file work.txt (compact mmCIF, N, CA and C atoms)
# COMPACT_ATOMS: atom_id res chain seq x y z
N MET D 1 8.04 -13.73 3.09
CA MET D 1 6.86 -12.92 3.26
C MET D 1 5.64 -13.79 2.92
N ASP D 2 4.68 -13.82 3.82
CA ASP D 2 3.50 -14.66 3.64
C ASP D 2 2.39 -13.92 2.91
N VAL D 3 1.63 -14.66 2.11
CA VAL D 3 0.44 -14.09 1.48
C VAL D 3 -0.46 -13.57 2.58
N GLY D 4 -1.01 -12.37 2.40
CA GLY D 4 -1.88 -11.77 3.39
C GLY D 4 -1.20 -10.75 4.29
N THR D 5 0.13 -10.69 4.25
CA THR D 5 0.88 -9.73 5.05
C THR D 5 0.71 -8.32 4.46
N VAL D 6 0.54 -7.32 5.32
CA VAL D 6 0.49 -5.93 4.86
C VAL D 6 1.92 -5.48 4.62
N VAL D 7 2.19 -5.06 3.37
CA VAL D 7 3.55 -4.69 2.98
C VAL D 7 3.57 -3.28 2.40
N THR D 8 4.78 -2.72 2.34
CA THR D 8 5.01 -1.43 1.71
C THR D 8 5.96 -1.62 0.54
N LEU D 9 5.56 -1.13 -0.63
CA LEU D 9 6.44 -1.09 -1.78
C LEU D 9 7.07 0.29 -1.81
N VAL D 10 8.37 0.35 -1.86
CA VAL D 10 9.07 1.62 -1.98
C VAL D 10 9.39 1.79 -3.46
N THR D 11 8.92 2.90 -4.04
CA THR D 11 9.18 3.19 -5.45
C THR D 11 9.79 4.58 -5.55
N ALA D 12 10.25 4.94 -6.71
CA ALA D 12 10.81 6.28 -6.92
C ALA D 12 9.73 7.35 -6.78
N ARG D 13 8.46 6.99 -6.94
CA ARG D 13 7.35 7.94 -6.86
C ARG D 13 6.68 7.97 -5.49
N GLY D 14 7.08 7.11 -4.57
CA GLY D 14 6.48 7.09 -3.24
C GLY D 14 6.29 5.69 -2.72
N GLU D 15 5.59 5.59 -1.60
CA GLU D 15 5.36 4.30 -0.95
C GLU D 15 3.92 3.86 -1.18
N ILE D 16 3.76 2.57 -1.48
CA ILE D 16 2.45 1.98 -1.71
C ILE D 16 2.26 0.87 -0.70
N VAL D 17 1.14 0.93 0.03
CA VAL D 17 0.85 -0.06 1.07
C VAL D 17 -0.32 -0.92 0.60
N GLY D 18 -0.23 -2.22 0.82
CA GLY D 18 -1.31 -3.12 0.47
C GLY D 18 -1.06 -4.50 1.05
N ARG D 19 -2.03 -5.36 0.86
CA ARG D 19 -1.89 -6.73 1.35
C ARG D 19 -1.25 -7.58 0.25
N PHE D 20 -0.13 -8.22 0.59
CA PHE D 20 0.62 -9.05 -0.35
C PHE D 20 -0.23 -10.22 -0.80
N GLU D 21 -0.35 -10.37 -2.13
CA GLU D 21 -1.14 -11.47 -2.69
C GLU D 21 -0.28 -12.48 -3.44
N ALA D 22 0.64 -11.99 -4.29
CA ALA D 22 1.44 -12.91 -5.11
C ALA D 22 2.61 -12.16 -5.72
N TYR D 23 3.58 -12.92 -6.20
CA TYR D 23 4.65 -12.34 -7.01
C TYR D 23 5.22 -13.41 -7.93
N ASP D 24 5.84 -12.94 -9.00
CA ASP D 24 6.59 -13.82 -9.88
C ASP D 24 7.84 -13.06 -10.29
N GLU D 25 8.51 -13.50 -11.33
CA GLU D 25 9.77 -12.85 -11.69
C GLU D 25 9.59 -11.43 -12.24
N ARG D 26 8.35 -11.03 -12.57
CA ARG D 26 8.12 -9.70 -13.15
C ARG D 26 7.20 -8.79 -12.34
N TYR D 27 6.29 -9.35 -11.56
CA TYR D 27 5.27 -8.54 -10.89
C TYR D 27 5.09 -8.94 -9.43
N ILE D 28 4.64 -7.95 -8.64
CA ILE D 28 4.15 -8.20 -7.29
C ILE D 28 2.72 -7.69 -7.26
N THR D 29 1.83 -8.47 -6.67
CA THR D 29 0.42 -8.12 -6.65
C THR D 29 -0.01 -7.82 -5.22
N LEU D 30 -0.69 -6.68 -5.06
CA LEU D 30 -1.23 -6.25 -3.77
C LEU D 30 -2.73 -6.07 -3.87
N SER D 31 -3.43 -6.44 -2.80
CA SER D 31 -4.85 -6.10 -2.73
C SER D 31 -5.01 -4.81 -1.94
N ARG D 32 -6.00 -4.05 -2.32
CA ARG D 32 -6.33 -2.75 -1.71
C ARG D 32 -5.11 -1.83 -1.59
N PRO D 33 -4.35 -1.68 -2.67
CA PRO D 33 -3.15 -0.82 -2.60
C PRO D 33 -3.53 0.65 -2.43
N ARG D 34 -2.78 1.34 -1.59
CA ARG D 34 -2.98 2.77 -1.38
C ARG D 34 -1.62 3.44 -1.34
N MET D 35 -1.51 4.60 -1.96
CA MET D 35 -0.27 5.36 -1.96
C MET D 35 -0.27 6.29 -0.76
N SER D 36 0.83 6.29 -0.04
CA SER D 36 0.98 7.17 1.12
C SER D 36 0.99 8.61 0.65
N SER D 37 0.35 9.49 1.42
CA SER D 37 0.33 10.91 1.08
C SER D 37 1.64 11.60 1.43
N GLY D 38 2.51 10.89 2.15
CA GLY D 38 3.80 11.46 2.51
C GLY D 38 3.76 12.28 3.79
N ASN D 39 2.64 12.25 4.50
CA ASN D 39 2.52 12.97 5.76
C ASN D 39 3.44 12.32 6.79
N SER D 40 4.39 13.07 7.31
CA SER D 40 5.37 12.51 8.23
C SER D 40 4.84 12.34 9.65
N ASP D 41 3.75 13.03 9.99
CA ASP D 41 3.20 12.93 11.34
C ASP D 41 1.88 12.17 11.31
N PHE D 42 1.97 10.85 11.01
CA PHE D 42 0.75 10.09 10.84
C PHE D 42 0.01 9.82 12.14
N SER D 43 0.62 10.02 13.30
CA SER D 43 -0.09 9.81 14.56
C SER D 43 -1.19 10.84 14.75
N GLU D 44 -1.03 12.03 14.18
CA GLU D 44 -2.02 13.10 14.29
C GLU D 44 -2.99 13.13 13.12
N CYS D 45 -2.75 12.33 12.10
CA CYS D 45 -3.48 12.40 10.84
C CYS D 45 -4.64 11.40 10.84
N ALA D 46 -5.81 11.84 10.35
CA ALA D 46 -6.93 10.92 10.17
C ALA D 46 -6.58 9.94 9.07
N ALA D 47 -7.03 8.70 9.20
CA ALA D 47 -6.67 7.65 8.24
C ALA D 47 -7.01 8.05 6.81
N GLU D 48 -8.18 8.64 6.60
CA GLU D 48 -8.60 9.00 5.24
C GLU D 48 -7.74 10.11 4.63
N ASP D 49 -7.02 10.86 5.47
CA ASP D 49 -6.13 11.90 4.96
C ASP D 49 -4.70 11.39 4.76
N PHE D 50 -4.42 10.23 5.26
CA PHE D 50 -3.06 9.71 5.21
C PHE D 50 -2.71 9.02 3.90
N PHE D 51 -3.72 8.43 3.24
CA PHE D 51 -3.50 7.74 1.99
C PHE D 51 -4.29 8.40 0.87
N ALA D 52 -3.70 8.42 -0.31
CA ALA D 52 -4.40 8.91 -1.49
C ALA D 52 -5.54 7.94 -1.82
N SER D 53 -6.58 8.43 -2.47
CA SER D 53 -7.73 7.58 -2.76
C SER D 53 -7.46 6.58 -3.89
N GLY D 54 -6.39 6.78 -4.63
CA GLY D 54 -6.03 5.86 -5.70
C GLY D 54 -4.53 5.83 -5.86
N ILE D 55 -4.08 5.12 -6.87
CA ILE D 55 -2.65 5.03 -7.13
C ILE D 55 -2.19 6.18 -8.00
N SER D 56 -3.06 6.67 -8.88
CA SER D 56 -2.74 7.83 -9.71
C SER D 56 -3.99 8.68 -9.89
N ILE D 57 -3.81 9.89 -10.32
CA ILE D 57 -4.95 10.79 -10.52
C ILE D 57 -5.93 10.23 -11.54
N THR D 58 -5.42 9.61 -12.59
CA THR D 58 -6.28 9.13 -13.66
C THR D 58 -6.72 7.68 -13.49
N GLY D 59 -6.20 7.01 -12.47
CA GLY D 59 -6.51 5.60 -12.27
C GLY D 59 -7.81 5.37 -11.52
N GLU D 60 -8.15 4.12 -11.36
CA GLU D 60 -9.34 3.72 -10.63
C GLU D 60 -9.23 4.15 -9.17
N LYS D 61 -10.28 4.70 -8.63
CA LYS D 61 -10.29 5.11 -7.23
C LYS D 61 -10.49 3.87 -6.36
N GLY D 62 -9.56 3.66 -5.41
CA GLY D 62 -9.66 2.51 -4.50
C GLY D 62 -9.66 1.17 -5.19
N PRO D 63 -8.63 0.88 -6.01
CA PRO D 63 -8.60 -0.42 -6.70
C PRO D 63 -8.55 -1.58 -5.72
N GLU D 64 -9.20 -2.66 -6.09
CA GLU D 64 -9.23 -3.84 -5.21
C GLU D 64 -7.93 -4.64 -5.29
N VAL D 65 -7.36 -4.78 -6.50
CA VAL D 65 -6.12 -5.53 -6.69
C VAL D 65 -5.33 -4.88 -7.83
N LEU D 66 -4.03 -4.73 -7.64
CA LEU D 66 -3.15 -4.23 -8.70
C LEU D 66 -1.84 -5.01 -8.68
N SER D 67 -1.28 -5.20 -9.87
CA SER D 67 0.04 -5.80 -10.00
C SER D 67 1.03 -4.71 -10.37
N PHE D 68 2.19 -4.71 -9.73
CA PHE D 68 3.22 -3.70 -9.95
C PHE D 68 4.45 -4.37 -10.54
N SER D 69 5.02 -3.73 -11.54
CA SER D 69 6.24 -4.24 -12.16
C SER D 69 7.39 -4.16 -11.16
N LEU D 70 8.10 -5.25 -11.01
CA LEU D 70 9.25 -5.26 -10.10
C LEU D 70 10.35 -4.32 -10.58
N ALA D 71 10.34 -3.97 -11.86
CA ALA D 71 11.32 -3.01 -12.38
C ALA D 71 11.12 -1.63 -11.76
N MET D 72 9.93 -1.35 -11.24
CA MET D 72 9.62 -0.05 -10.65
C MET D 72 9.76 -0.04 -9.12
N VAL D 73 9.94 -1.21 -8.53
CA VAL D 73 9.98 -1.35 -7.07
C VAL D 73 11.42 -1.37 -6.59
N LEU D 74 11.75 -0.45 -5.68
CA LEU D 74 13.09 -0.38 -5.11
C LEU D 74 13.26 -1.32 -3.93
N ALA D 75 12.18 -1.48 -3.15
CA ALA D 75 12.23 -2.35 -1.97
C ALA D 75 10.82 -2.77 -1.58
N VAL D 76 10.74 -3.90 -0.89
CA VAL D 76 9.48 -4.38 -0.32
C VAL D 76 9.76 -4.71 1.13
N THR D 77 8.90 -4.22 2.01
CA THR D 77 9.10 -4.50 3.44
C THR D 77 7.75 -4.70 4.11
N VAL D 78 7.76 -5.46 5.19
CA VAL D 78 6.55 -5.60 6.00
C VAL D 78 6.25 -4.22 6.59
N THR D 79 5.00 -3.82 6.54
CA THR D 79 4.59 -2.49 7.00
C THR D 79 4.58 -2.43 8.52
N GLU D 80 5.12 -1.34 9.06
CA GLU D 80 5.13 -1.11 10.51
C GLU D 80 3.69 -1.13 11.03
N LYS D 81 3.48 -1.68 12.22
CA LYS D 81 2.15 -1.97 12.76
C LYS D 81 1.21 -0.76 12.82
N SER D 82 1.66 0.38 13.33
CA SER D 82 0.76 1.54 13.43
C SER D 82 0.42 2.09 12.04
N PHE D 83 1.36 1.99 11.11
CA PHE D 83 1.14 2.41 9.72
C PHE D 83 0.12 1.47 9.08
N ALA D 84 0.26 0.16 9.33
CA ALA D 84 -0.68 -0.83 8.79
C ALA D 84 -2.09 -0.61 9.34
N LYS D 85 -2.20 -0.17 10.58
CA LYS D 85 -3.53 0.11 11.15
C LYS D 85 -4.20 1.28 10.44
N LYS D 86 -3.43 2.30 10.07
CA LYS D 86 -3.98 3.43 9.30
C LYS D 86 -4.46 2.93 7.94
N TRP D 87 -3.68 2.06 7.30
CA TRP D 87 -4.09 1.47 6.03
C TRP D 87 -5.39 0.70 6.21
N ALA D 88 -5.49 -0.10 7.27
CA ALA D 88 -6.70 -0.90 7.53
C ALA D 88 -7.92 -0.01 7.72
N GLU D 89 -7.76 1.11 8.41
CA GLU D 89 -8.87 2.05 8.59
C GLU D 89 -9.32 2.62 7.25
N THR D 90 -8.37 2.92 6.39
CA THR D 90 -8.67 3.50 5.08
C THR D 90 -9.38 2.50 4.17
N THR D 91 -8.94 1.26 4.19
CA THR D 91 -9.44 0.24 3.27
C THR D 91 -10.57 -0.62 3.87
N HIS D 92 -10.83 -0.44 5.15
CA HIS D 92 -11.81 -1.26 5.87
C HIS D 92 -11.44 -2.74 5.82
N ASP D 93 -10.15 -2.99 5.92
CA ASP D 93 -9.58 -4.34 5.94
C ASP D 93 -9.03 -4.52 7.35
N TRP D 94 -9.74 -5.20 8.19
CA TRP D 94 -9.46 -5.17 9.63
C TRP D 94 -8.55 -6.26 10.14
N VAL D 95 -8.07 -7.14 9.28
CA VAL D 95 -7.17 -8.21 9.74
C VAL D 95 -5.73 -7.73 9.59
N ILE D 96 -5.08 -7.43 10.70
CA ILE D 96 -3.69 -6.96 10.65
C ILE D 96 -2.78 -8.04 11.20

call {"tool": "encode", "arguments": {"input": "work.txt", "output": "structure tokens"}}
result
Amino acid sequence: MDVGTVVTLVTARGEIVGRFEAYDERYITLSRPRMSSGNSDFSECAAEDFFASGISITGEKGPEVLSFSLAMVLAVTVTEKSFAKKWAETTHDWVI
């Protein structure tokens, strides 16, 4: 996986989409991470309604960069293209 690729982290609490920045033996770092709202029909959904505005209710709204513990991540995968486009619309990150 190359730095700059839009990826999805699968966790027990949901899916988090962001641009892959770095990883080591304990953490994976994403820029502009957004948690999926879980809407299964994203083709009909406006981008701003598809992703939560932050990672948690009490966390920073629209964080620029976050590191996630690999102990909490079940899987990492390259994000499907149409899903990545919704993320780009939400984050105003236009390089897909």

call {"tool": "atom_distance", "arguments": {"input": "work.txt", "atom1": "CA of Ser82 (chain D)", "atom2": "atom C of Arg26 (chain D)"}}
result
28.5 Å

call {"tool": "closest_residue", "arguments": {"input": "work.txt", "among": "D:Leu66, D:Thr91, D:Glu80, D:Ala75", "to": "Ile28 (chain D)", "atoms": "only N, CA and C atoms"}}
result
D:Leu66

call {"tool": "closest_residue", "arguments": {"input": "work.txt", "among": "D:Asp93, D:Trp87, D:Ser37, D:Leu30", "to": "Phe68 (chain D)", "atoms": "only N, CA and C atoms"}}
result
D:Leu30

call {"tool": "residues_near_point", "arguments": {"input": "work.txt", "point": "(5.6, -0.5, 1.3)", "cutoff": "6 Å", "atoms": "all atoms listed in the file", "output": "ChimeraX atom specification"}}
result
/D:7-10,15-17,76-77

call {"tool": "atom_distance", "arguments": {"input": "work.txt", "atom1": "atom N of Ile55 (chain D)", "atom2": "atom N of Met35 (chain D)"}}
result
5.6 Å

call {"tool": "atom_distance", "arguments": {"input": "work.txt", "atom1": "CA of Tyr27 (chain D)", "atom2": "CA of Ala71 (chain D)"}}
result
8.3 Å

call {"tool": "select_by_dssp", "arguments": {"input": "work.txt", "residues": "region 62-94 of chain D", "states": "strand (DSSP E or B)", "output": "PyMOL selection string"}}
result
chain D and resi 65-69+73-78

call {"tool": "residues_near_point", "arguments": {"input": "work.txt", "point": "(-5.8, -4.5, -6.9)", "cutoff": "12 Å", "atoms": "only C-alpha atoms", "output": "VMD selection string"}}
result
chain D and resid 16 to 22 28 to 34 54 to 55 59 to 68 91

call {"tool": "write_last_selection", "arguments": {"input": "work.txt", "atoms": "N, CA and C atoms", "output": "PDB file, keeping the file's coordinate frame"}}
result
ATOM      1  N   ILE D  16       3.760   2.570  -1.480  1.00  0.00           N
ATOM      2  CA  ILE D  16       2.450   1.980  -1.710  1.00  0.00           C
ATOM      3  C   ILE D  16       2.260   0.870  -0.700  1.00  0.00           C
ATOM      4  N   VAL D  17       1.140   0.930   0.030  1.00  0.00           N
ATOM      5  CA  VAL D  17       0.850  -0.060   1.070  1.00  0.00           C
ATOM      6  C   VAL D  17      -0.320  -0.920   0.600  1.00  0.00           C
ATOM      7  N   GLY D  18      -0.230  -2.220   0.820  1.00  0.00           N
ATOM      8  CA  GLY D  18      -1.310  -3.120   0.470  1.00  0.00           C
ATOM      9  C   GLY D  18      -1.060  -4.500   1.050  1.00  0.00           C
ATOM     10  N   ARG D  19      -2.030  -5.360   0.860  1.00  0.00           N
ATOM     11  CA  ARG D  19      -1.890  -6.730   1.350  1.00  0.00           C
ATOM     12  C   ARG D  19      -1.250  -7.580   0.250  1.00  0.00           C
ATOM     13  N   PHE D  20      -0.130  -8.220   0.590  1.00  0.00           N
ATOM     14  CA  PHE D  20       0.620  -9.050  -0.350  1.00  0.00           C
ATOM     15  C   PHE D  20      -0.230 -10.220  -0.800  1.00  0.00           C
ATOM     16  N   GLU D  21      -0.350 -10.370  -2.130  1.00  0.00           N
ATOM     17  CA  GLU D  21      -1.140 -11.470  -2.690  1.00  0.00           C
ATOM     18  C   GLU D  21      -0.280 -12.480  -3.440  1.00  0.00           C
ATOM     19  N   ALA D  22       0.640 -11.990  -4.290  1.00  0.00           N
ATOM     20  CA  ALA D  22       1.440 -12.910  -5.110  1.00  0.00           C
ATOM     21  C   ALA D  22       2.610 -12.160  -5.720  1.00  0.00           C
ATOM     22  N   ILE D  28       4.640  -7.950  -8.640  1.00  0.00           N
ATOM     23  CA  ILE D  28       4.150  -8.200  -7.290  1.00  0.00           C
ATOM     24  C   ILE D  28       2.720  -7.690  -7.260  1.00  0.00           C
ATOM     25  N   THR D  29       1.830  -8.470  -6.670  1.00  0.00           N
ATOM     26  CA  THR D  29       0.420  -8.120  -6.650  1.00  0.00           C
ATOM     27  C   THR D  29      -0.010  -7.820  -5.220  1.00  0.00           C
ATOM     28  N   LEU D  30      -0.690  -6.680  -5.060  1.00  0.00           N
ATOM     29  CA  LEU D  30      -1.230  -6.250  -3.770  1.00  0.00           C
ATOM     30  C   LEU D  30      -2.730  -6.070  -3.870  1.00  0.00           C
ATOM     31  N   SER D  31      -3.430  -6.440  -2.800  1.00  0.00           N
ATOM     32  CA  SER D  31      -4.850  -6.100  -2.730  1.00  0.00           C
ATOM     33  C   SER D  31      -5.010  -4.810  -1.940  1.00  0.00           C
ATOM     34  N   ARG D  32      -6.000  -4.050  -2.320  1.00  0.00           N
ATOM     35  CA  ARG D  32      -6.330  -2.750  -1.710  1.00  0.00           C
ATOM     36  C   ARG D  32      -5.110  -1.830  -1.590  1.00  0.00           C
ATOM     37  N   PRO D  33      -4.350  -1.680  -2.670  1.00  0.00           N
ATOM     38  CA  PRO D  33      -3.150  -0.820  -2.600  1.00  0.00           C
ATOM     39  C   PRO D  33      -3.530   0.650  -2.430  1.00  0.00           C
ATOM     40  N   ARG D  34      -2.780   1.340  -1.590  1.00  0.00           N
ATOM     41  CA  ARG D  34      -2.980   2.770  -1.380  1.00  0.00           C
ATOM     42  C   ARG D  34      -1.620   3.440  -1.340  1.00  0.00           C
ATOM     43  N   GLY D  54      -6.390   6.780  -4.630  1.00  0.00           N
ATOM     44  CA  GLY D  54      -6.030   5.860  -5.700  1.00  0.00           C
ATOM     45  C   GLY D  54      -4.530   5.830  -5.860  1.00  0.00           C
ATOM     46  N   ILE D  55      -4.080   5.120  -6.870  1.00  0.00           N
ATOM     47  CA  ILE D  55      -2.650   5.030  -7.130  1.00  0.00           C
ATOM     48  C   ILE D  55      -2.190   6.180  -8.000  1.00  0.00           C
ATOM     49  N   GLY D  59      -6.200   7.010 -12.470  1.00  0.00           N
ATOM     50  CA  GLY D  59      -6.510   5.600 -12.270  1.00  0.00           C
ATOM     51  C   GLY D  59      -7.810   5.370 -11.520  1.00  0.00           C
ATOM     52  N   GLU D  60      -8.150   4.120 -11.360  1.00  0.00           N
ATOM     53  CA  GLU D  60      -9.340   3.720 -10.630  1.00  0.00           C
ATOM     54  C   GLU D  60      -9.230   4.150  -9.170  1.00  0.00           C
ATOM     55  N   LYS D  61     -10.280   4.700  -8.630  1.00  0.00           N
ATOM     56  CA  LYS D  61     -10.290   5.110  -7.230  1.00  0.00           C
ATOM     57  C   LYS D  61     -10.490   3.870  -6.360  1.00  0.00           C
ATOM     58  N   GLY D  62      -9.560   3.660  -5.410  1.00  0.00           N
ATOM     59  CA  GLY D  62      -9.660   2.510  -4.500  1.00  0.00           C
ATOM     60  C   GLY D  62      -9.660   1.170  -5.190  1.00  0.00           C
ATOM     61  N   PRO D  63      -8.630   0.880  -6.010  1.00  0.00           N
ATOM     62  CA  PRO D  63      -8.600  -0.420  -6.700  1.00  0.00           C
ATOM     63  C   PRO D  63      -8.550  -1.580  -5.720  1.00  0.00           C
ATOM     64  N   GLU D  64      -9.200  -2.660  -6.090  1.00  0.00           N
ATOM     65  CA  GLU D  64      -9.230  -3.840  -5.210  1.00  0.00           C
ATOM     66  C   GLU D  64      -7.930  -4.640  -5.290  1.00  0.00           C
ATOM     67  N   VAL D  65      -7.360  -4.780  -6.500  1.00  0.00           N
ATOM     68  CA  VAL D  65      -6.120  -5.530  -6.690  1.00  0.00           C
ATOM     69  C   VAL D  65      -5.330  -4.880  -7.830  1.00  0.00           C
ATOM     70  N   LEU D  66      -4.030  -4.730  -7.640  1.00  0.00           N
ATOM     71  CA  LEU D  66      -3.150  -4.230  -8.700  1.00  0.00           C
ATOM     72  C   LEU D  66      -1.840  -5.010  -8.680  1.00  0.00           C
ATOM     73  N   SER D  67      -1.280  -5.200  -9.870  1.00  0.00           N
ATOM     74  CA  SER D  67       0.040  -5.800 -10.000  1.00  0.00           C
ATOM     75  C   SER D  67       1.030  -4.710 -10.370  1.00  0.00           C
ATOM     76  N   PHE D  68       2.190  -4.710  -9.730  1.00  0.00           N
ATOM     77  CA  PHE D  68       3.220  -3.700  -9.950  1.00  0.00           C
ATOM     78  C   PHE D  68       4.450  -4.370 -10.540  1.00  0.00           C
ATOM     79  N   THR D  91      -8.940   1.260   4.190  1.00  0.00           N
ATOM     80  CA  THR D  91      -9.440   0.240   3.270  1.00  0.00           C
ATOM     81  C   THR D  91     -10.570  -0.620   3.870  1.00  0.00           C
TER      82      THR D  91
END

call {"tool": "residues_around", "arguments": {"input": "work.txt", "residues": "Thr11 (chain D)", "least_positions_apart": "4", "cutoff": "7 Å", "atoms": "only C-alpha atoms", "output": "VMD selection string"}}
result
chain D and resid 15 72 to 74

call {"tool": "decode", "arguments": {"input": "work.txt", "residues": "region 4-29 of chain D", "atoms": "C-alpha atoms", "output": "short mmCIF file (atom, residue, chain, number, x, y, z; two decimals), in the first residue's frame"}}
result
data_model
loop_
_atom_site.label_atom_id
_atom_site.label_comp_id
_atom_site.auth_asym_id
_atom_site.auth_seq_id
_atom_site.Cartn_x
_atom_site.Cartn_y
_atom_site.Cartn_z
CA GLY D 4 -1.34 8.71 -0.30
CA THR D 5 -3.71 5.84 -1.13
CA VAL D 6 -7.29 6.22 0.13
CA VAL D 7 -7.87 3.28 2.46
CA THR D 8 -10.59 1.89 4.72
CA LEU D 9 -9.86 0.67 8.23
CA VAL D 10 -12.34 -1.95 9.36
CA THR D 11 -12.84 -1.85 13.14
CA ALA D 12 -15.32 -3.39 15.54
CA ARG D 13 -17.01 0.04 15.76
CA GLY D 14 -17.27 0.69 12.01
CA GLU D 15 -15.28 1.68 8.94
CA ILE D 16 -12.92 4.64 8.82
CA VAL D 17 -11.80 6.07 5.48
CA GLY D 18 -8.75 8.28 5.03
CA ARG D 19 -5.56 8.83 3.11
CA PHE D 20 -2.80 6.43 4.21
CA GLU D 21 0.16 8.35 5.63
CA ALA D 22 2.29 5.93 7.68
CA TYR D 23 2.37 2.85 9.84
CA ASP D 24 4.67 1.10 12.27
CA GLU D 25 4.33 -1.97 14.47
CA ARG D 26 1.70 -0.25 16.68
CA TYR D 27 -0.12 2.45 14.69
CA ILE D 28 -1.51 3.34 11.29
CA THR D 29 -1.86 7.03 10.48
#
